[in-house]
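> mmCIF, C-alpha atoms, pLDDT in the B column; chains and numbers go by the auth columns, file entry.cif:
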```cif
data_input
loop_
_atom_site.group_PDB
_atom_site.id
_atom_site.type_symbol
_atom_site.label_atom_id
_atom_site.label_comp_id
_atom_site.label_asym_id
_atom_site.label_seq_id
_atom_site.Cartn_x
_atom_site.Cartn_y
_atom_site.Cartn_z
_atom_site.B_iso_or_equiv
_atom_site.auth_seq_id
_atom_site.auth_asym_id
ATOM 1 C CA MET A 1 0.000 0.000 0.000 40.00 1 A
ATOM 2 C CA ALA A 2 1.027 3.612 -0.202 41.00 2 A
ATOM 3 C CA ARG A 3 2.762 3.611 3.157 41.00 3 A
ATOM 4 C CA ALA A 4 5.731 5.532 1.867 41.00 4 A
ATOM 5 C CA SER A 5 9.013 4.349 3.377 39.00 5 A
ATOM 6 C CA SER A 6 9.692 4.521 7.101 38.00 6 A
ATOM 7 C CA SER A 7 10.615 8.178 7.204 38.00 7 A
ATOM 8 C CA THR A 8 8.103 8.853 9.966 36.00 8 A
ATOM 9 C CA SER A 9 11.027 9.034 12.416 39.00 9 A
ATOM 10 C CA HIS A 10 9.776 8.682 15.976 48.00 10 A
ATOM 11 C CA ALA A 11 6.397 10.261 15.467 60.00 11 A
ATOM 12 C CA GLY A 12 4.034 7.396 16.147 67.00 12 A
ATOM 13 C CA SER A 13 0.993 6.583 14.176 85.00 13 A
ATOM 14 C CA ALA A 14 -2.295 7.960 15.370 94.00 14 A
ATOM 15 C CA VAL A 15 -5.746 6.464 15.144 95.00 15 A
ATOM 16 C CA LEU A 16 -9.131 8.077 15.438 95.00 16 A
ATOM 17 C CA GLY A 17 -11.415 5.214 16.446 94.00 17 A
ATOM 18 C CA LYS A 18 -14.796 4.315 15.050 93.00 18 A
ATOM 19 C CA GLY A 19 -16.842 5.907 17.803 92.00 19 A
ATOM 20 C CA ALA A 20 -14.698 9.031 17.944 96.00 20 A
ATOM 21 C CA SER A 21 -15.038 12.439 16.381 96.00 21 A
ATOM 22 C CA ILE A 22 -12.885 15.529 16.218 97.00 22 A
ATOM 23 C CA ARG A 23 -14.101 19.022 15.529 97.00 23 A
ATOM 24 C CA GLY A 24 -11.182 21.331 14.898 97.00 24 A
ATOM 25 C CA ARG A 25 -7.676 21.345 13.586 96.00 25 A
ATOM 26 C CA ILE A 26 -5.352 18.363 13.472 96.00 26 A
ATOM 27 C CA ALA A 27 -1.678 18.759 12.724 96.00 27 A
ATOM 28 C CA GLY A 28 1.090 16.224 13.070 94.00 28 A
ATOM 29 C CA GLU A 29 4.359 14.679 12.036 93.00 29 A
ATOM 30 C CA GLY A 30 3.219 11.074 11.856 93.00 30 A
ATOM 31 C CA ASP A 31 0.552 8.997 10.171 95.00 31 A
ATOM 32 C CA LEU A 32 -3.145 9.081 10.934 96.00 32 A
ATOM 33 C CA ARG A 33 -5.822 6.508 10.347 96.00 33 A
ATOM 34 C CA VAL A 34 -9.384 7.758 10.605 96.00 34 A
ATOM 35 C CA ASP A 35 -12.166 5.283 11.390 96.00 35 A
ATOM 36 C CA GLY A 36 -14.410 7.941 12.924 96.00 36 A
ATOM 37 C CA THR A 37 -15.472 11.458 12.021 97.00 37 A
ATOM 38 C CA ILE A 38 -13.486 14.655 11.502 97.00 38 A
ATOM 39 C CA SER A 39 -14.752 18.103 10.730 97.00 39 A
ATOM 40 C CA GLY A 40 -12.179 20.847 10.492 95.00 40 A
ATOM 41 C CA ASP A 41 -8.713 20.799 9.030 94.00 41 A
ATOM 42 C CA VAL A 42 -6.085 18.093 8.704 97.00 42 A
ATOM 43 C CA ALA A 43 -2.405 18.800 8.021 97.00 43 A
ATOM 44 C CA LEU A 44 0.018 15.887 8.336 96.00 44 A
ATOM 45 C CA LYS A 45 3.612 15.239 7.384 96.00 45 A
ATOM 46 C CA GLY A 46 2.833 11.528 7.339 96.00 46 A
ATOM 47 C CA ASP A 47 0.237 9.446 5.555 97.00 47 A
ATOM 48 C CA LEU A 48 -3.516 9.661 5.973 97.00 48 A
ATOM 49 C CA ILE A 49 -5.877 6.718 5.707 97.00 49 A
ATOM 50 C CA VAL A 50 -9.606 7.336 5.743 97.00 50 A
ATOM 51 C CA SER A 51 -11.181 3.929 6.386 96.00 51 A
ATOM 52 C CA ASP A 52 -14.429 2.608 5.030 96.00 52 A
ATOM 53 C CA GLY A 53 -17.206 4.061 7.183 95.00 53 A
ATOM 54 C CA ALA A 54 -15.164 7.098 8.217 97.00 54 A
ATOM 55 C CA GLU A 55 -16.338 10.608 7.419 97.00 55 A
ATOM 56 C CA VAL A 56 -14.057 13.570 6.947 97.00 56 A
ATOM 57 C CA VAL A 57 -15.411 17.034 6.259 97.00 57 A
ATOM 58 C CA ALA A 58 -12.158 18.913 5.996 96.00 58 A
ATOM 59 C CA ASP A 59 -9.425 20.086 3.715 97.00 59 A
ATOM 60 C CA VAL A 60 -6.689 17.517 3.969 97.00 60 A
ATOM 61 C CA GLN A 61 -2.932 17.831 3.517 97.00 61 A
ATOM 62 C CA ALA A 62 -0.687 14.796 3.907 97.00 62 A
ATOM 63 C CA ARG A 63 2.056 12.775 2.278 96.00 63 A
ATOM 64 C CA ALA A 64 0.162 9.821 0.837 97.00 64 A
ATOM 65 C CA VAL A 65 -3.610 9.652 1.137 97.00 65 A
ATOM 66 C CA VAL A 66 -5.740 6.505 0.951 97.00 66 A
ATOM 67 C CA VAL A 67 -9.503 6.974 0.904 97.00 67 A
ATOM 68 C CA GLU A 68 -11.906 4.122 1.560 97.00 68 A
ATOM 69 C CA GLY A 69 -14.550 6.243 3.290 97.00 69 A
ATOM 70 C CA ALA A 70 -15.986 9.693 2.627 97.00 70 A
ATOM 71 C CA ILE A 71 -14.130 12.966 2.265 97.00 71 A
ATOM 72 C CA GLU A 72 -15.815 16.276 1.651 97.00 72 A
ATOM 73 C CA GLY A 73 -13.042 18.789 1.076 97.00 73 A
ATOM 74 C CA ASP A 74 -9.871 19.249 -0.894 97.00 74 A
ATOM 75 C CA ILE A 75 -7.159 16.597 -0.779 97.00 75 A
ATOM 76 C CA SER A 76 -3.620 17.734 -1.274 96.00 76 A
ATOM 77 C CA ALA A 77 -0.891 15.087 -1.113 96.00 77 A
ATOM 78 C CA THR A 78 2.846 15.449 -1.563 94.00 78 A
ATOM 79 C CA SER A 79 2.863 11.811 -2.638 94.00 79 A
ATOM 80 C CA SER A 80 0.150 9.545 -4.036 94.00 80 A
ATOM 81 C CA VAL A 81 -3.614 9.625 -3.609 96.00 81 A
ATOM 82 C CA ALA A 82 -5.508 6.334 -3.796 96.00 82 A
ATOM 83 C CA ILE A 83 -9.292 6.439 -4.012 97.00 83 A
ATOM 84 C CA ARG A 84 -10.656 2.953 -3.292 97.00 84 A
ATOM 85 C CA ALA A 85 -13.884 1.464 -4.592 96.00 85 A
ATOM 86 C CA SER A 86 -15.868 2.173 -1.419 97.00 86 A
ATOM 87 C CA ALA A 87 -14.860 5.861 -1.310 97.00 87 A
ATOM 88 C CA ARG A 88 -16.918 8.997 -1.790 97.00 88 A
ATOM 89 C CA VAL A 89 -14.908 12.136 -2.459 97.00 89 A
ATOM 90 C CA SER A 90 -16.125 15.614 -3.249 96.00 90 A
ATOM 91 C CA GLY A 91 -13.449 18.250 -3.624 96.00 91 A
ATOM 92 C CA ALA A 92 -10.282 18.919 -5.522 96.00 92 A
ATOM 93 C CA ILE A 93 -7.642 16.200 -5.477 96.00 93 A
ATOM 94 C CA SER A 94 -3.984 16.870 -6.035 95.00 94 A
ATOM 95 C CA GLY A 95 -0.953 14.618 -5.728 94.00 95 A
ATOM 96 C CA THR A 96 1.992 13.174 -7.604 92.00 96 A
ATOM 97 C CA SER A 97 -0.061 10.187 -8.681 91.00 97 A
ATOM 98 C CA ILE A 98 -3.759 9.601 -8.348 93.00 98 A
ATOM 99 C CA SER A 99 -5.598 6.316 -8.648 94.00 99 A
ATOM 100 C CA ILE A 100 -9.338 5.826 -8.580 95.00 100 A
ATOM 101 C CA GLU A 101 -10.851 2.368 -8.339 96.00 101 A
ATOM 102 C CA GLU A 102 -13.978 1.381 -10.152 95.00 102 A
ATOM 103 C CA GLY A 103 -17.012 1.980 -7.960 96.00 103 A
ATOM 104 C CA ALA A 104 -15.627 5.060 -6.233 96.00 104 A
ATOM 105 C CA ASN A 105 -17.725 8.190 -6.296 96.00 105 A
ATOM 106 C CA VAL A 106 -15.625 11.251 -7.065 95.00 106 A
ATOM 107 C CA SER A 107 -16.712 14.765 -7.857 95.00 107 A
ATOM 108 C CA GLY A 108 -14.214 17.579 -8.198 93.00 108 A
ATOM 109 C CA ARG A 109 -11.067 18.646 -9.920 92.00 109 A
ATOM 110 C CA ILE A 110 -8.145 16.274 -10.277 93.00 110 A
ATOM 111 C CA ASP A 111 -4.681 17.700 -10.477 88.00 111 A
ATOM 112 C CA ALA A 112 -1.892 15.139 -10.880 83.00 112 A
ATOM 113 C CA GLN A 113 1.610 16.533 -11.056 75.00 113 A
ATOM 114 C CA PHE A 114 3.642 14.204 -13.227 69.00 114 A
ATOM 115 C CA ASP A 115 5.727 14.389 -16.355 71.00 115 A
ATOM 116 C CA LEU A 116 3.889 13.315 -19.456 73.00 116 A
ATOM 117 C CA PRO A 117 5.623 10.580 -21.411 75.00 117 A
ATOM 118 C CA PRO A 118 7.293 11.929 -24.599 77.00 118 A
ATOM 119 C CA GLU A 119 4.748 10.344 -26.922 80.00 119 A
ATOM 120 C CA LEU A 120 1.963 12.284 -25.212 74.00 120 A
ATOM 121 C CA GLY A 121 3.808 15.351 -24.126 65.00 121 A
ATOM 122 C CA GLY A 122 5.572 16.155 -27.400 53.00 122 A
ATOM 123 C CA LYS A 123 8.371 18.675 -27.251 52.00 123 A
ATOM 124 C CA SER A 124 6.944 21.300 -24.977 48.00 124 A
ATOM 125 C CA GLY A 125 4.600 19.212 -22.889 42.00 125 A
ATOM 126 C CA ARG A 126 1.374 20.182 -24.721 42.00 126 A
ATOM 127 C CA MET B 1 -4.376 -1.219 21.306 62.00 127 B
ATOM 128 C CA ALA B 2 -6.573 1.680 22.140 72.00 128 B
ATOM 129 C CA SER B 3 -9.263 2.660 19.683 89.00 129 B
ATOM 130 C CA THR B 4 -8.172 6.286 19.505 95.00 130 B
ATOM 131 C CA VAL B 5 -4.518 7.265 19.814 96.00 131 B
ATOM 132 C CA ILE B 6 -3.289 10.820 19.459 96.00 132 B
ATOM 133 C CA ALA B 7 0.337 10.045 18.805 95.00 133 B
ATOM 134 C CA GLN B 8 3.409 11.949 19.835 94.00 134 B
ATOM 135 C CA GLY B 9 4.013 14.796 17.386 94.00 135 B
ATOM 136 C CA MET B 10 0.322 15.250 16.723 96.00 136 B
ATOM 137 C CA THR B 11 -1.642 18.310 17.781 96.00 137 B
ATOM 138 C CA ILE B 12 -5.391 18.704 17.968 97.00 138 B
ATOM 139 C CA GLU B 13 -6.998 22.057 18.468 97.00 139 B
ATOM 140 C CA GLY B 14 -10.679 21.580 19.006 97.00 140 B
ATOM 141 C CA GLU B 15 -13.029 19.056 20.392 97.00 141 B
ATOM 142 C CA LEU B 16 -12.425 15.315 20.608 97.00 142 B
ATOM 143 C CA THR B 17 -15.399 13.122 21.439 97.00 143 B
ATOM 144 C CA SER B 18 -15.281 9.357 21.715 96.00 144 B
ATOM 145 C CA ASP B 19 -17.500 6.446 22.742 95.00 145 B
ATOM 146 C CA GLU B 20 -14.379 4.388 23.272 95.00 146 B
ATOM 147 C CA ASP B 21 -11.067 4.701 25.041 95.00 147 B
ATOM 148 C CA VAL B 22 -8.595 7.429 24.144 97.00 148 B
ATOM 149 C CA VAL B 23 -4.827 7.590 24.554 97.00 149 B
ATOM 150 C CA ILE B 24 -3.074 10.945 24.300 97.00 150 B
ATOM 151 C CA GLN B 25 0.664 10.986 23.653 97.00 151 B
ATOM 152 C CA GLY B 26 0.705 14.282 21.755 97.00 152 B
ATOM 153 C CA THR B 27 -0.982 17.620 22.318 97.00 153 B
ATOM 154 C CA LEU B 28 -4.652 18.470 22.680 97.00 154 B
ATOM 155 C CA ARG B 29 -6.121 21.907 23.177 97.00 155 B
ATOM 156 C CA GLY B 30 -9.849 22.303 23.522 97.00 156 B
ATOM 157 C CA LYS B 31 -12.141 19.719 24.973 97.00 157 B
ATOM 158 C CA LEU B 32 -12.032 15.963 25.442 97.00 158 B
ATOM 159 C CA THR B 33 -15.055 13.800 26.132 97.00 159 B
ATOM 160 C CA SER B 34 -15.016 10.022 26.273 97.00 160 B
ATOM 161 C CA LYS B 35 -17.502 7.461 27.521 96.00 161 B
ATOM 162 C CA ASP B 36 -14.601 5.151 28.281 96.00 162 B
ATOM 163 C CA THR B 37 -11.075 5.402 29.669 97.00 163 B
ATOM 164 C CA VAL B 38 -8.781 8.321 28.892 97.00 164 B
ATOM 165 C CA ASN B 39 -5.056 7.832 29.288 97.00 165 B
ATOM 166 C CA VAL B 40 -2.836 10.907 29.149 98.00 166 B
ATOM 167 C CA GLU B 41 0.604 9.402 28.811 97.00 167 B
ATOM 168 C CA SER B 42 3.957 10.727 29.857 96.00 168 B
ATOM 169 C CA GLY B 43 5.063 13.447 27.424 96.00 169 B
ATOM 170 C CA ALA B 44 1.511 14.409 26.482 97.00 170 B
ATOM 171 C CA VAL B 45 0.280 17.976 26.904 98.00 171 B
ATOM 172 C CA VAL B 46 -3.434 18.565 27.345 98.00 172 B
ATOM 173 C CA GLU B 47 -4.972 21.981 27.761 98.00 173 B
ATOM 174 C CA ALA B 48 -8.584 20.982 27.938 97.00 174 B
ATOM 175 C CA ASP B 49 -11.442 20.078 30.183 97.00 175 B
ATOM 176 C CA ILE B 50 -11.743 16.313 30.251 98.00 176 B
ATOM 177 C CA SER B 51 -14.735 14.167 30.940 97.00 177 B
ATOM 178 C CA ALA B 52 -14.360 10.389 30.962 97.00 178 B
ATOM 179 C CA SER B 53 -15.333 7.256 32.843 97.00 179 B
ATOM 180 C CA SER B 54 -11.815 6.943 34.187 97.00 180 B
ATOM 181 C CA LEU B 55 -8.699 8.989 33.636 98.00 181 B
ATOM 182 C CA SER B 56 -5.064 8.208 34.178 97.00 182 B
ATOM 183 C CA VAL B 57 -2.559 11.031 34.076 98.00 183 B
ATOM 184 C CA GLY B 58 1.118 10.468 33.340 97.00 184 B
ATOM 185 C CA GLY B 59 1.536 13.658 31.340 97.00 185 B
ATOM 186 C CA GLN B 60 0.505 17.259 31.783 98.00 186 B
ATOM 187 C CA ILE B 61 -3.070 18.457 32.033 98.00 187 B
ATOM 188 C CA THR B 62 -4.302 21.983 32.464 98.00 188 B
ATOM 189 C CA GLY B 63 -8.049 21.938 32.798 98.00 189 B
ATOM 190 C CA ASN B 64 -10.889 20.622 34.869 97.00 190 B
ATOM 191 C CA VAL B 65 -11.382 16.913 35.007 97.00 191 B
ATOM 192 C CA THR B 66 -14.545 14.902 35.587 97.00 192 B
ATOM 193 C CA ALA B 67 -14.626 11.123 35.798 97.00 193 B
ATOM 194 C CA SER B 68 -17.664 8.969 36.525 96.00 194 B
ATOM 195 C CA ASP B 69 -15.415 6.281 37.944 95.00 195 B
ATOM 196 C CA ARG B 70 -11.891 7.291 38.918 96.00 196 B
ATOM 197 C CA VAL B 71 -8.879 9.526 38.372 97.00 197 B
ATOM 198 C CA ASP B 72 -5.326 8.236 38.817 97.00 198 B
ATOM 199 C CA LEU B 73 -2.476 10.713 38.948 97.00 199 B
ATOM 200 C CA MET B 74 0.683 8.748 38.224 97.00 200 B
ATOM 201 C CA ALA B 75 4.230 9.548 39.241 96.00 201 B
ATOM 202 C CA GLY B 76 5.507 12.275 36.907 96.00 202 B
ATOM 203 C CA GLY B 77 1.980 13.348 36.047 97.00 203 B
ATOM 204 C CA ARG B 78 0.967 16.949 36.446 97.00 204 B
ATOM 205 C CA LEU B 79 -2.572 18.219 36.821 98.00 205 B
ATOM 206 C CA ILE B 80 -3.591 21.833 37.209 98.00 206 B
ATOM 207 C CA GLY B 81 -7.341 22.034 37.564 97.00 207 B
ATOM 208 C CA ASP B 82 -10.244 20.740 39.566 97.00 208 B
ATOM 209 C CA VAL B 83 -11.041 17.068 39.892 97.00 209 B
ATOM 210 C CA LYS B 84 -14.535 15.675 40.216 97.00 210 B
ATOM 211 C CA ALA B 85 -14.493 11.935 40.708 96.00 211 B
ATOM 212 C CA SER B 86 -15.656 9.456 43.331 94.00 212 B
ATOM 213 C CA ARG B 87 -12.191 7.917 43.521 95.00 213 B
ATOM 214 C CA LEU B 88 -8.854 9.651 43.204 96.00 214 B
ATOM 215 C CA THR B 89 -5.309 8.413 43.674 97.00 215 B
ATOM 216 C CA ILE B 90 -2.245 10.624 43.630 97.00 216 B
ATOM 217 C CA ALA B 91 1.038 8.768 43.306 97.00 217 B
ATOM 218 C CA ASP B 92 4.253 9.815 44.962 97.00 218 B
ATOM 219 C CA GLY B 93 5.986 12.149 42.505 96.00 219 B
ATOM 220 C CA ALA B 94 2.845 13.516 40.903 97.00 220 B
ATOM 221 C CA SER B 95 2.027 17.212 41.027 97.00 221 B
ATOM 222 C CA PHE B 96 -1.440 18.552 41.498 97.00 222 B
ATOM 223 C CA LYS B 97 -2.970 21.956 41.987 97.00 223 B
ATOM 224 C CA GLY B 98 -6.708 22.321 42.245 97.00 224 B
ATOM 225 C CA ASN B 99 -9.793 21.319 44.138 97.00 225 B
ATOM 226 C CA VAL B 100 -11.123 17.843 44.651 97.00 226 B
ATOM 227 C CA ASP B 101 -14.814 17.034 44.721 96.00 227 B
ATOM 228 C CA MET B 102 -15.526 13.416 45.589 93.00 228 B
ATOM 229 C CA ASP B 103 -19.233 14.041 45.633 78.00 229 B
ATOM 230 C CA VAL B 104 -19.942 12.657 49.128 66.00 230 B
#
```
Would you give me this structure, written as structure tokens?

Amino acid sequence: MARASSSTSHAGSAVLGKGASIRGRIAGEGDLRVDGTISGDVALKGDLIVSDGAEVVADVQARAVVVEGAIEGDISATSSVAIRASARVSGAISGTSISIEEGANVSGRIDAQFDLPPELGGKSGR
Amino acid sequence: MASTVIAQGMTIEGELTSDEDVVIQGTLRGKLTSKDTVNVESGAVVEADISASSLSVGGQITGNVTASDRVDLMAGGRLIGDVKASRLTIADGASFKGNVDMDV
């Protein structure tokens, strides 16, 4: 999965349990898995996993993002974004690579920052 | 493992509500409500009113604390605020400033 390397240093990985909800701002160095509900803002240096059944109403910044649940808000990843089949996403998505599985419900802008291969990009990239 | 863990290096500003147990190793400012156990571990910083069934404090809390069952202040723990709980233990080496209401 998109659990990018082990560069999380000593910052542990955090979990928001199924019966838990946060209203407000979350910031952190490590990874976060959300099984519950968040409304507010999320800014992580580590990876974010939004599990099936979880609900996030927030703009989200993280390294890699995996969505199996619902996100209402913009997703901005410095690494990959993976939208799984069970996911519902409404908001802009940006990342170095973006994958969307069949069955996922996505509405919003998608902005993948990657270099086009020469046969598509031509000389000047468009 | 606990159902909700706020890891070291993580900061929450706002309100955390949980039906299940919560472990704080990082920082929380705002309000914390749990129907189960709350464990504020050594190194954690909490500036919030806490309500839980039971609370154990190894880190730092500034705020008023209410527990339906018990509050345990561990050695090295630091609590500035009022405690409302039917049972309270304060270990040797813990610091505490505030009022205690054991509801007798």
> Applying the PyMOL selection byres ((chain B) within 7 of (chain A)) to the file I just gave you, which residues come out? Please list them as a list in words.
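Selected by the PyMOL selection byres ((chain B) within 7 of (chain A)) here: Ser129, Thr130, Val131, Ile132, Ala133, Gln134, Gly135, Met136, Thr137, Ile138, Glu139, Gly140, Glu141, Leu142, Thr143, Ser144, Asp145 and Glu146 of chain B.
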> I'd like the neighbourhood of range 163-177 of chain B as a count of residues only, where a residue qualifies if any of its atoms comes within 10 Å (using all atoms listed in the file), though same-chain residues fewer than 5 positions away should be ignored.
59
> So the first atom is CA of Gly53 in chain A and the second is CA of Gln113 in chain A; what is the distance between them in Å, to one decimal place?
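Computing it gives 29.0 Å between the two atoms.
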> Quick one: which residues end up in the PyMOL selection byres ((chain A and resi 61) around 8) for this structure, as a PDB file with C-alpha atoms, in the coordinates of the input?

```pdb
ATOM      1  CA  VAL A  42      -6.085  18.093   8.704  1.00 97.00           C
ATOM      2  CA  ALA A  43      -2.405  18.800   8.021  1.00 97.00           C
ATOM      3  CA  LEU A  44       0.018  15.887   8.336  1.00 96.00           C
ATOM      4  CA  ASP A  59      -9.425  20.086   3.715  1.00 97.00           C
ATOM      5  CA  VAL A  60      -6.689  17.517   3.969  1.00 97.00           C
ATOM      6  CA  ALA A  62      -0.687  14.796   3.907  1.00 97.00           C
ATOM      7  CA  ARG A  63       2.056  12.775   2.278  1.00 96.00           C
ATOM      8  CA  ILE A  75      -7.159  16.597  -0.779  1.00 97.00           C
ATOM      9  CA  SER A  76      -3.620  17.734  -1.274  1.00 96.00           C
ATOM     10  CA  ALA A  77      -0.891  15.087  -1.113  1.00 96.00           C
TER      11      ALA A  77
END
```
> Go through A:Glu68, A:Asp111, A:Glu101, A:Glu119 one by one, measure the shortest atom-to-atom distance of each to Ala87 in chain A using only C-alpha atoms, and give the residue with the smallest value.
A:Glu68
> If you measure from CA of Ser107 in chain A to CA of Thr78 in chain A, what distance in Å do you get, rounded to one decimal?
20.6 Å
> Counting all atoms listed in the file, which residue out of A:Leu116, A:Asp52, A:Ala64, A:Gly46 sits closest to Ile93 in chain A?
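Nearest to Ile93 in chain A: A:Ala64.
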> How many Å separate CA of Asp115 in chain A from CA of Ser90 in chain A?
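Separating CA of Asp115 in chain A from CA of Ser90 in chain A is a distance of 25.5 Å.
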> Would you write out, as a list in words, every residue that the PyMOL selection byres ((chain A and resi 100) around 8) captures in this file?
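Expected selection for the PyMOL selection byres ((chain A and resi 100) around 8) here is Ala82, Ile83, Arg84, Ala85, Ile98, Ser99, Glu101, Glu102 and Ala104 of chain A.
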> Would you write out those residues with C-alpha atoms, as a PDB file, in the frame of the given file?

```pdb
ATOM      1  CA  ALA A  82      -5.508   6.334  -3.796  1.00 96.00           C
ATOM      2  CA  ILE A  83      -9.292   6.439  -4.012  1.00 97.00           C
ATOM      3  CA  ARG A  84     -10.656   2.953  -3.292  1.00 97.00           C
ATOM      4  CA  ALA A  85     -13.884   1.464  -4.592  1.00 96.00           C
ATOM      5  CA  ILE A  98      -3.759   9.601  -8.348  1.00 93.00           C
ATOM      6  CA  SER A  99      -5.598   6.316  -8.648  1.00 94.00           C
ATOM      7  CA  GLU A 101     -10.851   2.368  -8.339  1.00 96.00           C
ATOM      8  CA  GLU A 102     -13.978   1.381 -10.152  1.00 95.00           C
ATOM      9  CA  ALA A 104     -15.627   5.060  -6.233  1.00 96.00           C
TER      10      ALA A 104
END
```
> Of the residues A:Gly95, A:Pro117, A:Gly108, A:Gly103, which is the one nearest to Ser80 in chain A, using only C-alpha atoms?
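The shortest atom-to-atom distance to Ser80 in chain A comes from A:Gly95.
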